[in-house]
>>> print(open('upload.txt').read())   # compact mmCIF, C-alpha atoms and all ligand atoms
# COMPACT_ATOMS: atom_id res chain seq x y z
CA MET A 546 4.79 -1.60 -2.46
CA CYS A 547 2.21 -1.80 0.30
CA LEU A 548 3.25 -5.40 0.70
CA ALA A 549 4.65 -5.08 4.17
CA VAL A 550 5.88 -8.48 5.32
CA PRO A 551 6.44 -9.86 8.79
CA GLY A 552 9.89 -11.07 9.77
CA LYS A 553 11.78 -11.97 12.93
CA LEU A 554 13.97 -9.33 14.51
CA ILE A 555 17.34 -10.99 15.12
CA GLU A 556 19.64 -8.05 15.92
CA ILE A 557 19.34 -4.43 16.98
CA PHE A 558 22.06 -1.85 16.29
CA ASP A 559 22.77 1.82 15.67
CA GLU A 560 23.59 3.24 12.26
CA ALA A 561 24.14 6.95 11.63
CA SER A 562 22.31 7.58 14.94
CA LEU A 563 19.23 5.63 13.79
CA LYS A 564 17.90 2.56 15.57
CA MET A 565 18.17 -0.26 13.05
CA GLY A 566 17.56 -3.98 13.05
CA ARG A 567 18.27 -7.10 11.08
CA ILE A 568 15.11 -8.95 10.06
CA ASP A 569 14.97 -12.58 9.09
CA TYR A 570 12.24 -13.52 6.60
CA ASN A 571 12.48 -17.28 6.53
CA GLY A 572 16.21 -17.26 5.86
CA THR A 573 16.50 -14.03 3.89
CA VAL A 574 17.98 -11.37 6.15
CA THR A 575 17.63 -7.64 5.47
CA LYS A 576 18.06 -4.38 7.34
CA ALA A 577 15.15 -2.28 8.59
CA CYS A 578 14.82 0.99 10.48
CA LEU A 579 13.32 0.52 13.96
CA GLU A 580 12.78 4.19 14.86
CA TYR A 581 9.01 3.72 14.77
CA VAL A 582 9.02 0.65 17.02
CA PRO A 583 11.34 1.76 19.86
CA GLU A 584 9.87 -0.95 22.11
CA ALA A 585 11.08 -3.74 19.77
CA ARG A 586 13.07 -6.61 21.26
CA VAL A 587 15.12 -9.31 19.57
CA GLY A 588 12.98 -12.37 18.86
CA GLN A 589 9.80 -10.40 18.15
CA TYR A 590 8.11 -10.25 14.76
CA ALA A 591 8.07 -6.92 12.99
CA LEU A 592 5.97 -5.81 10.06
CA VAL A 593 8.36 -4.07 7.68
CA HIS A 594 7.29 -1.73 4.92
CA ALA A 595 9.79 -0.22 2.47
CA GLY A 596 12.67 -0.60 4.91
CA PHE A 597 10.83 0.63 8.03
CA ALA A 598 9.25 -1.50 10.75
CA ILE A 599 5.72 -0.12 11.22
CA SER A 600 4.55 -2.49 13.96
CA ILE A 601 5.56 -5.31 16.24
CA LEU A 602 3.04 -8.11 15.82
CA ASP A 603 1.13 -8.85 19.00
CA GLU A 604 1.49 -12.60 19.62
CA GLU A 605 -1.32 -12.66 22.14
CA GLU A 606 -3.74 -11.18 19.60
CA ALA A 607 -2.51 -13.56 16.90
CA ARG A 608 -3.21 -16.48 19.22
CA HIS A 609 -6.72 -15.14 19.96
CA SER A 610 -7.67 -14.78 16.30
CA LEU A 611 -6.31 -18.20 15.41
CA ALA A 612 -8.11 -19.86 18.32
CA ALA A 613 -11.44 -18.40 17.17
CA TRP A 614 -10.95 -19.64 13.62
CA GLN A 615 -9.69 -22.99 14.83
CA GLU A 616 -12.96 -23.41 16.67
CA LEU A 617 -14.81 -22.73 13.44
CA LYS A 618 -12.70 -25.33 11.68
CA GLU A 619 -13.38 -27.97 14.32
CA LYS A 620 -17.09 -27.19 14.22
CA MET A 621 -17.05 -27.63 10.46
CA GLU A 622 -15.10 -30.88 10.61
CA GLY A 623 -17.52 -32.17 13.23
CA LEU A 624 -20.47 -31.79 10.85
CA MET B 959 5.87 -16.56 16.09
CA LYS B 960 5.16 -20.04 14.90
CA TYR B 961 1.76 -18.65 13.90
CA LEU B 962 2.94 -16.91 10.74
CA ALA B 963 2.15 -19.88 8.51
CA ASP B 964 -1.20 -20.38 10.23
CA PHE B 965 -2.53 -17.26 8.54
CA ARG B 966 -2.10 -19.12 5.25
CA ASP B 967 -3.46 -22.44 6.50
CA PRO B 968 -5.78 -23.98 3.87
CA GLY B 969 -7.83 -25.74 6.56
CA LEU B 970 -8.62 -22.47 8.34
CA ALA B 971 -9.31 -20.81 4.99
CA ARG B 972 -11.82 -23.55 4.09
CA ALA B 973 -13.56 -23.19 7.46
CA LEU B 974 -13.87 -19.43 7.02
CA LEU B 975 -15.10 -19.86 3.44
CA ALA B 976 -17.75 -22.34 4.61
CA GLU B 977 -18.86 -19.92 7.31
CA ILE B 978 -19.05 -17.07 4.76
CA THR B 979 -21.11 -19.24 2.41
CA ALA B 980 -23.44 -20.21 5.25
CA SER B 981 -23.87 -16.56 6.29
CA VAL B 982 -24.74 -15.06 2.91
CA THR B 983 -28.45 -14.92 2.12
CA ARG B 984 -28.52 -11.87 -0.16
CA PRO B 985 -26.25 -10.36 -2.83
CA TRP B 986 -23.51 -8.11 -1.44
CA THR B 987 -20.60 -6.24 -2.93
CA LEU B 988 -17.47 -5.65 -0.87
CA MET B 989 -14.44 -3.59 -1.83
CA GLU B 990 -10.92 -4.46 -0.72
CA VAL B 991 -9.22 -1.09 -0.59
CA CYS B 992 -5.59 -2.17 -0.74
CA GLY B 993 -3.86 -3.38 -3.90
CA GLY B 994 -1.83 -5.84 -1.81
CA GLN B 995 -5.11 -7.43 -0.78
CA THR B 996 -6.22 -7.54 -4.44
CA HIS B 997 -3.11 -9.51 -5.33
CA ALA B 998 -3.54 -11.91 -2.41
CA ILE B 999 -7.17 -12.45 -3.40
CA VAL B 1000 -6.54 -13.11 -7.09
CA ARG B 1001 -3.43 -15.21 -6.39
CA SER B 1002 -5.16 -17.46 -3.87
CA GLY B 1003 -8.33 -17.58 -5.98
CA ILE B 1004 -10.52 -16.33 -3.11
CA ASP B 1005 -12.64 -14.34 -5.60
CA GLN B 1006 -13.49 -17.59 -7.43
CA LEU B 1007 -14.36 -19.52 -4.26
CA LEU B 1008 -16.81 -17.08 -2.69
CA PRO B 1009 -20.54 -17.70 -3.11
CA ALA B 1010 -21.82 -16.25 -6.40
CA SER B 1011 -23.92 -13.60 -4.68
CA LEU B 1012 -20.89 -12.14 -2.90
CA LYS B 1013 -18.82 -9.89 -5.15
CA LEU B 1014 -15.44 -8.40 -4.43
CA VAL B 1015 -14.45 -5.26 -6.30
CA HIS B 1016 -10.98 -3.81 -6.26
CA GLY B 1017 -10.21 -0.45 -4.73
CA PRO B 1018 -7.85 2.47 -5.32
CA GLY B 1019 -5.15 1.30 -2.89
CA CYS B 1020 -2.29 0.98 -5.34
CA PRO B 1021 0.02 3.96 -4.83
CA VAL B 1022 1.94 3.41 -8.04
CA CYS B 1023 -1.31 3.23 -10.01
CA VAL B 1024 -2.69 6.53 -8.75
CA THR B 1025 0.54 8.53 -9.12
CA PRO B 1026 -0.20 11.14 -11.80
CA ILE B 1027 1.51 10.88 -15.17
CA ALA B 1028 2.78 14.41 -14.50
CA TYR B 1029 4.92 13.04 -11.63
CA ILE B 1030 6.39 10.28 -13.78
CA ASP B 1031 7.23 13.02 -16.27
CA LYS B 1032 8.86 15.11 -13.54
CA ALA B 1033 10.93 12.08 -12.45
CA VAL B 1034 12.05 11.48 -16.04
CA GLU B 1035 12.89 15.17 -16.46
CA LEU B 1036 15.04 15.05 -13.31
CA ALA B 1037 16.69 11.79 -14.33
CA ASP B 1038 17.79 13.40 -17.59
CA GLN B 1039 19.75 16.10 -15.74
CA PRO B 1040 23.41 15.04 -15.68
CA GLU B 1041 24.09 15.96 -12.04
CA VAL B 1042 21.12 13.92 -10.77
CA ILE B 1043 21.02 10.33 -9.52
CA ILE B 1044 17.41 9.27 -9.10
CA LEU B 1045 16.46 6.41 -6.80
CA THR B 1046 13.08 4.78 -6.39
CA PHE B 1047 11.24 1.54 -5.67
CA GLY B 1048 11.35 -1.06 -8.44
CA ASP B 1049 7.65 -0.65 -9.18
CA MET B 1050 8.11 2.90 -10.39
CA LEU B 1051 10.67 2.16 -13.10
CA ARG B 1052 8.27 0.82 -15.72
CA VAL B 1053 5.29 3.06 -15.07
CA PRO B 1054 4.57 4.87 -18.33
CA GLY B 1055 4.66 8.67 -18.38
CA SER B 1056 3.60 10.80 -21.33
CA ASN B 1057 7.06 10.46 -22.82
CA GLY B 1058 8.49 7.09 -21.77
CA ASN B 1059 9.38 5.80 -18.32
CA LEU B 1060 12.40 5.84 -16.02
CA LEU B 1061 13.89 2.74 -17.64
CA ASP B 1062 13.88 4.57 -20.99
CA ALA B 1063 15.75 7.43 -19.31
CA LYS B 1064 18.24 4.90 -17.93
CA ALA B 1065 18.70 3.42 -21.40
CA ARG B 1066 19.71 6.83 -22.74
CA GLY B 1067 22.30 7.22 -19.98
CA ALA B 1068 20.47 8.61 -16.95
CA ASP B 1069 21.58 7.32 -13.54
CA VAL B 1070 18.42 5.58 -12.29
CA ARG B 1071 18.68 3.11 -9.41
CA MET B 1072 16.30 0.83 -7.60
CA VAL B 1073 16.28 0.73 -3.79
CA TYR B 1074 14.33 -0.99 -1.02
CA SER B 1075 14.53 1.83 1.49
CA VAL B 1076 14.73 5.61 1.20
CA LEU B 1077 17.60 5.47 3.72
CA GLU B 1078 19.79 4.00 0.96
CA ALA B 1079 19.28 7.28 -0.88
CA VAL B 1080 20.28 9.29 2.20
CA GLU B 1081 23.40 7.15 2.53
CA LEU B 1082 24.30 7.67 -1.13
CA ALA B 1083 23.82 11.44 -0.72
CA SER B 1084 26.38 11.52 2.09
CA GLN B 1085 28.83 9.47 -0.01
CA ARG B 1086 28.39 11.51 -3.19
CA PRO B 1087 28.43 15.23 -2.39
CA ASP B 1088 29.28 15.83 -6.07
CA ARG B 1089 25.84 14.64 -7.23
CA GLN B 1090 22.23 15.58 -6.55
CA ILE B 1091 20.45 12.57 -5.07
CA VAL B 1092 16.71 12.54 -5.69
CA PHE B 1093 14.43 9.92 -4.16
CA PHE B 1094 11.18 9.48 -6.10
CA GLY B 1095 8.87 8.57 -3.25
CA VAL B 1096 5.20 7.81 -3.77
CA GLY B 1097 2.84 5.91 -1.56
CA PHE B 1098 0.05 5.91 0.98
CA GLU B 1099 0.26 6.48 4.72
CA THR B 1100 2.50 3.40 4.96
CA THR B 1101 5.38 4.96 2.99
CA ALA B 1102 5.13 8.48 4.40
CA PRO B 1103 6.85 7.63 7.72
CA GLY B 1104 9.96 6.42 5.88
CA ASN B 1105 10.20 9.49 3.68
CA ALA B 1106 9.61 11.78 6.65
CA MET B 1107 12.38 10.07 8.62
CA ALA B 1108 14.73 10.36 5.63
CA ILE B 1109 14.19 14.12 5.49
CA LEU B 1110 14.85 14.48 9.23
CA GLN B 1111 17.96 12.35 8.87
CA ALA B 1112 19.21 14.38 5.87
CA ARG B 1113 18.73 17.55 7.89
CA ARG B 1114 20.56 16.04 10.87
CA LEU B 1115 23.46 15.07 8.60
CA GLY B 1116 23.47 18.55 7.01
CA LEU B 1117 23.02 17.16 3.48
CA ALA B 1118 22.53 19.78 0.78
CA ASN B 1119 22.28 17.28 -2.09
CA PHE B 1120 19.32 15.15 -0.99
CA THR B 1121 15.74 15.80 -2.08
CA ILE B 1122 12.53 13.81 -2.40
CA LEU B 1123 10.11 14.02 -5.30
CA ALA B 1124 7.16 13.19 -3.09
CA CYS B 1125 3.69 12.26 -4.24
CA HIS B 1126 1.87 10.90 -1.20
CA VAL B 1127 -1.82 10.09 -1.14
CA LEU B 1128 -4.23 9.35 1.68
CA VAL B 1129 -6.82 6.58 1.85
CA PRO B 1130 -9.75 8.15 3.79
CA PRO B 1131 -10.39 11.00 1.29
CA ALA B 1132 -10.45 8.44 -1.54
CA LEU B 1133 -12.95 6.32 0.40
CA ARG B 1134 -15.13 9.36 0.95
CA ALA B 1135 -14.99 10.19 -2.74
CA LEU B 1136 -16.07 6.63 -3.62
CA LEU B 1137 -18.87 6.73 -1.07
CA THR B 1138 -20.29 9.99 -2.38
CA SER B 1139 -20.13 8.89 -6.02
CA PRO B 1140 -23.58 8.21 -7.54
CA THR B 1141 -22.21 5.11 -9.30
CA ASN B 1142 -21.04 3.51 -6.06
CA ARG B 1143 -22.57 0.09 -5.42
CA VAL B 1144 -20.29 -1.16 -2.65
CA ASN B 1145 -22.00 -2.35 0.55
CA GLY B 1146 -18.96 -2.76 2.78
CA TYR B 1147 -15.22 -2.09 2.82
CA LEU B 1148 -12.15 -4.05 3.84
CA ALA B 1149 -9.78 -1.30 4.97
CA ALA B 1150 -6.06 -1.67 4.25
CA GLY B 1151 -4.51 -3.28 7.34
CA HIS B 1152 -1.11 -1.69 6.94
CA VAL B 1153 -2.41 1.83 6.44
CA CYS B 1154 -4.49 1.34 9.61
CA THR B 1155 -1.38 0.01 11.37
CA VAL B 1156 0.24 3.40 10.88
CA MET B 1157 -2.75 5.77 11.13
CA GLY B 1158 -5.12 3.98 13.51
CA LEU B 1159 -8.88 3.84 13.10
CA ALA B 1160 -10.31 7.26 13.99
CA ASP B 1161 -10.82 8.41 10.36
CA TYR B 1162 -12.62 5.18 9.54
CA GLN B 1163 -14.97 5.49 12.51
CA GLU B 1164 -16.01 8.88 11.14
CA ILE B 1165 -16.68 7.40 7.71
CA VAL B 1166 -18.71 4.53 9.21
CA ASP B 1167 -20.84 7.01 11.16
CA GLN B 1168 -21.31 9.41 8.28
CA PHE B 1169 -22.08 6.90 5.51
CA GLN B 1170 -23.49 4.06 7.61
CA VAL B 1171 -21.38 1.36 5.96
CA PRO B 1172 -19.45 -1.47 7.60
CA ILE B 1173 -15.68 -1.08 7.45
CA VAL B 1174 -13.39 -3.89 8.59
CA ALA B 1175 -9.64 -3.34 9.03
CA THR B 1176 -8.21 -6.40 7.29
CA GLY B 1177 -4.78 -7.99 6.99
CA LEU B 1178 -3.11 -9.34 3.88
CA GLU B 1179 -2.77 -13.09 4.37
CA PRO B 1180 -5.50 -15.27 2.84
CA VAL B 1181 -6.94 -16.22 6.25
CA ASP B 1182 -6.95 -12.52 7.27
CA ILE B 1183 -8.83 -11.55 4.12
CA LEU B 1184 -11.44 -14.26 4.61
CA ALA B 1185 -11.88 -13.21 8.25
CA GLY B 1186 -12.39 -9.61 7.08
CA ILE B 1187 -14.96 -10.72 4.49
CA LEU B 1188 -16.80 -12.81 7.09
CA ALA B 1189 -16.95 -9.91 9.56
CA ALA B 1190 -18.31 -7.56 6.88
CA VAL B 1191 -20.90 -10.08 5.64
CA GLN B 1192 -22.13 -10.82 9.16
CA GLN B 1193 -22.70 -7.11 9.75
CA LEU B 1194 -24.51 -6.66 6.44
CA GLU B 1195 -26.75 -9.66 7.01
CA LYS B 1196 -27.77 -8.26 10.40
CA GLY B 1197 -28.30 -4.78 8.98
CA GLU B 1198 -25.47 -3.37 11.10
CA TYR B 1199 -22.71 -0.95 10.25
CA ARG B 1200 -19.71 -0.84 12.53
CA LEU B 1201 -16.00 -0.33 12.39
CA GLU B 1202 -14.39 -3.69 13.12
CA ASN B 1203 -10.76 -4.67 13.50
CA ALA B 1204 -10.01 -8.07 11.99
CA TYR B 1205 -6.24 -7.46 12.09
CA GLN B 1206 -5.71 -7.04 15.79
CA ARG B 1207 -2.18 -8.36 15.88
CA SER B 1208 -1.03 -5.26 14.01
CA VAL B 1209 -3.75 -2.59 14.11
CA THR B 1210 -4.54 -0.57 17.24
CA THR B 1211 -7.12 2.22 17.58
CA THR B 1212 -4.47 4.92 17.72
CA GLY B 1213 -2.05 3.42 15.18
CA ASN B 1214 1.69 3.99 15.42
CA SER B 1215 1.96 7.27 17.34
CA HIS B 1216 5.71 7.64 16.68
CA ALA B 1217 5.17 7.41 12.94
CA ARG B 1218 2.19 9.75 12.99
CA GLU B 1219 4.15 12.40 14.87
CA VAL B 1220 7.00 12.36 12.39
CA ILE B 1221 4.60 12.43 9.41
CA ASP B 1222 2.95 15.52 10.94
CA GLN B 1223 6.27 17.17 11.56
CA VAL B 1224 7.45 16.86 7.94
CA PHE B 1225 4.27 16.76 5.84
CA MET B 1226 1.03 18.70 5.58
CA VAL B 1227 -2.24 17.76 3.93
CA CYS B 1228 -2.61 18.97 0.33
CA ASP B 1229 -4.89 18.54 -2.69
CA ARG B 1230 -3.89 15.83 -5.16
CA ILE B 1231 -4.75 14.61 -8.62
CA TRP B 1232 -5.06 10.81 -8.68
CA ARG B 1233 -4.11 9.13 -11.93
CA GLY B 1234 -7.27 8.03 -13.71
CA ILE B 1235 -9.52 9.26 -10.90
CA GLY B 1236 -8.97 13.00 -10.94
CA PHE B 1237 -8.73 15.82 -8.44
CA LEU B 1238 -9.48 14.98 -4.80
CA PRO B 1239 -9.28 17.83 -2.27
CA ALA B 1240 -7.13 17.29 0.84
CA SER B 1241 -6.16 13.83 -0.34
CA GLY B 1242 -2.39 13.92 -0.20
CA LEU B 1243 0.68 14.95 1.76
CA ALA B 1244 3.15 17.62 0.71
CA ILE B 1245 6.50 18.50 2.28
CA ARG B 1246 6.10 21.43 4.70
CA PRO B 1247 7.72 24.77 3.75
CA GLU B 1248 10.26 24.40 6.62
CA PHE B 1249 11.69 21.44 4.73
CA ALA B 1250 11.57 23.02 1.24
CA ALA B 1251 15.32 22.42 0.85
CA PHE B 1252 14.55 18.68 0.71
CA ASP B 1253 11.64 19.00 -1.71
CA ALA B 1254 12.73 18.18 -5.26
CA GLU B 1255 9.83 20.11 -6.80
CA GLN B 1256 10.96 23.32 -5.10
CA HIS B 1257 14.68 22.68 -5.34
CA PHE B 1258 14.60 22.06 -9.10
CA ARG B 1259 11.65 24.41 -9.79
CA LEU B 1260 9.71 21.78 -11.68
CA ARG B 1261 6.75 22.95 -13.73
CA ALA B 1262 3.31 21.39 -13.49
CA THR B 1263 2.17 19.58 -16.64
CA ALA B 1264 -1.26 18.44 -17.73
CA GLU B 1265 -2.52 14.87 -17.41
CA PRO B 1266 -2.75 13.28 -20.88
CA ASP B 1267 -5.34 10.63 -21.78
CA ASN B 1268 -4.18 7.47 -23.57
CA GLY B 1269 -7.38 5.43 -23.35
CA CYS B 1270 -6.40 3.57 -20.17
CA GLN B 1271 -9.48 2.72 -18.10
CA ALA B 1272 -7.64 2.43 -14.78
CA GLY B 1273 -9.76 5.13 -13.16
CA GLN B 1274 -12.78 2.85 -13.55
CA VAL B 1275 -10.79 -0.17 -12.35
CA LEU B 1276 -9.53 1.68 -9.27
CA GLN B 1277 -13.06 2.67 -8.30
CA GLY B 1278 -14.37 -0.87 -8.55
CA LEU B 1279 -16.48 -0.02 -11.61
CA LEU B 1280 -14.63 -2.15 -14.18
CA VAL B 1281 -13.08 -5.61 -13.92
CA PRO B 1282 -9.59 -5.38 -15.48
CA SER B 1283 -10.25 -8.21 -17.91
CA ARG B 1284 -13.19 -6.20 -19.31
CA CYS B 1285 -10.99 -3.27 -20.27
CA PRO B 1286 -10.91 -3.12 -24.09
CA HIS B 1287 -7.10 -2.88 -24.07
CA PHE B 1288 -6.42 -5.68 -21.55
CA GLY B 1289 -3.99 -8.18 -23.05
CA GLY B 1290 -4.00 -6.35 -26.39
CA ARG B 1291 -2.60 -2.83 -26.51
CA CYS B 1292 -1.94 -3.17 -22.81
CA LYS B 1293 0.35 -5.88 -21.41
CA PRO B 1294 3.06 -5.82 -18.73
CA GLU B 1295 5.69 -5.52 -21.50
CA HIS B 1296 3.97 -2.48 -23.03
CA PRO B 1297 1.51 -1.11 -20.50
CA LEU B 1298 -0.92 1.72 -21.12
CA GLY B 1299 -1.51 2.23 -17.43
CA ALA B 1300 0.37 1.85 -14.16
CA THR B 1301 -2.23 -0.70 -13.02
CA MET B 1302 -0.69 -3.16 -15.47
CA VAL B 1303 2.86 -2.89 -14.07
CA SER B 1304 2.56 -2.18 -10.38
CA SER B 1305 2.98 -5.16 -8.05
CA GLU B 1306 -0.28 -4.00 -6.48
CA GLY B 1307 -2.13 -3.13 -9.66
CA ALA B 1308 -5.39 -4.99 -10.30
CA CYS B 1309 -4.73 -5.32 -14.05
CA ALA B 1310 -1.33 -6.89 -13.33
CA ALA B 1311 -2.95 -9.32 -10.88
CA TYR B 1312 -5.50 -10.46 -13.45
CA TYR B 1313 -2.89 -10.76 -16.16
CA ARG B 1314 -0.52 -12.72 -13.97
CA TYR B 1315 -2.83 -15.05 -12.08
CA GLN B 1316 -5.87 -15.47 -14.28
CA GLY B 1317 -4.09 -15.40 -17.61
CA VAL B 1318 -5.43 -13.85 -20.77
CA VAL B 1319 -8.04 -16.16 -22.17
CA ALA B 1320 -8.59 -14.04 -25.23
CA THR B 1321 -7.44 -10.52 -25.86
CA ASN B 1322 -10.18 -7.96 -26.03
CA GLU B 1323 -8.69 -6.43 -29.15
CA GLY B 1324 -8.71 -9.63 -31.21
S1 LIG C 1401 -5.79 -3.15 -18.83
FE1 LIG C 1401 -4.27 -1.54 -19.25
S2 LIG C 1401 -5.41 0.05 -20.36
FE2 LIG C 1401 -6.93 -1.28 -19.34
S3 LIG C 1401 -7.28 -0.30 -17.35
FE3 LIG C 1401 -5.68 -1.82 -17.03
S4 LIG C 1401 -3.77 -0.64 -17.25
FE4 LIG C 1401 -5.40 0.62 -18.18
>>> encode(input="upload.txt", output="structure tokens")
Amino acid sequence: MCLAVPGKLIEIFDEASLKMGRIDYNGTVTKACLEYVPEARVGQYALVHAGFAISILDEEEARHSLAAWQELKEKMEGL
Amino acid sequence: MKYLADFRDPGLARALLAEITASVTRPWTLMEVCGGQTHAIVRSGIDQLLPASLKLVHGPGCPVCVTPIAYIDKAVELADQPEVIILTFGDMLRVPGSNGNLLDAKARGADVRMVYSVLEAVELASQRPDRQIVFFGVGFETTAPGNAMAILQARRLGLANFTILACHVLVPPALRALLTSPTNRVNGYLAAGHVCTVMGLADYQEIVDQFQVPIVATGLEPVDILAGILAAVQQLEKGEYRLENAYQRSVTTTGNSHAREVIDQVFMVCDRIWRGIGFLPASGLAIRPEFAAFDAEQHFRLRATAEPDNGCQAGQVLQGLLVPSRCPHFGGRCKPEHPLGATMVSSEGACAAYYRYQGVVATNEG
């Protein structure tokens, strides 16, 4: 149940006065509530837990982390 | 983000593993707090690939597992009332209570339904004014924002037939309890990345300072978990203890302030009994008195019942003191088809992870 999964926000709309979105997880599309991520924009990746987006993934940070690990990988391959 | 798959990249995972192996010079024990992390670890075999002197033990972060039997019993009692439709997450249906589970209630005619979001329950309540709609909502700080929003929404819509049977628990008090236990042998903690996403890191900084242990906020993909392990090991090897964030794409120091505000508005901190673990003061969230009309326990005047003991060892498992496969009932009296404990049926339960991914080599009960 804690298995929040990231998916791409492909549409934002209103439903019963709540900000909602459609999230695409690699082809499977479901609905999620966006009230907790009011800054969300279409095209961003949201982390959705039990029907609620709890964060918008920061692409810049993702790139940073990956670059650091990539360096490690290259160092290892160079040995 | 084309990076999503990168957090599962075997090449990166191998590089991190090699770096972990090169960093470890002494035996260490780390605990991953979140049951989602436990499943990712056992599924990807990370626990088998780490150097022998580095042990991972599994933590209490499985909300279904720690929900008291008394709450399952309350849910079953409500389900058996003819005017009630009870909705919950799929994980809760097969969790054994003292007298059967929700699926048993369904089999004898109760209206029990599985949903993915509490908002489906709110929607049903507005469509079916003739029925009482009860959402059985358990979970950690990650699930509380949804339930809080549902209560606000039900109030906005003026619904008189929507209630939540809420049993929320909080991670930091459980961590403190583990850290003060004389049997604790954990050197460092991987904090649950999604709980930190909602709540931020302040509570964990306090725990680091008070107990002088490294805590690393860690994500749930294999590469995230290895990065969290590496960060913790590097601190331990240097004799440091710091709060570190190895899940920066989702976790910020202050967490999700919108979610925290709404949680505070609807819930207040309360004492809780944790299944298998026992009473922990100030370790849960209860619905505030202003919202009593949406609290199933108050609305239906449910009685408290005692916690029975059926021999399940999950309390030990959830505190990292027992490997599931060492439980005397594992694979024998206790299997996913006929579980003794919630840890065997929850999608985040450690016993279920061992049963599913490591297989039962031999049952412990012959
Ligand atoms: S194997 Fe079954 S009885 Fe043993 S701890 Fe796990 S859930 Fe409980």
>>> interface_residues(input="upload.txt", of="chain A", to="chain B", cutoff="10 Å", atoms="only C-alpha atoms", output="PyMOL selection string")
chain A and resi 546-553+561-563+575-578+580-583+588-611+614-622
>>> residues_near_ligand(input="upload.txt", ligand="ligand LIG 1401 (chain C)", cutoff="6 Å", atoms="only C-alpha atoms and all ligand atoms", output="ChimeraX atom specification")
/B:1270-1272,1282,1285,1287-1288,1292,1297-1302,1309
>>> atom_distance(input="upload.txt", atom1="atom CA of Leu1136 of chain B", atom2="atom CA of Leu1007 of chain B")
26.2 Å
>>> residues_around(input="upload.txt", residues="Ile1027 of chain B", least_positions_apart="3", cutoff="8 Å", atoms="all atoms listed in the file", output="PyMOL selection string")
chain B and resi 1030-1031+1054-1056+1233+1265-1266
>>> atom_distance(input="upload.txt", atom1="atom CA of Leu1188 of chain B", atom2="atom CA of Thr1141 of chain B")
24.9 Å
>>> closest_residue(input="upload.txt", among="B:Gln1085, B:Thr1025, B:Asn1142, B:Gln1277", to="Val1127 of chain B", atoms="only C-alpha atoms")
B:Thr1025
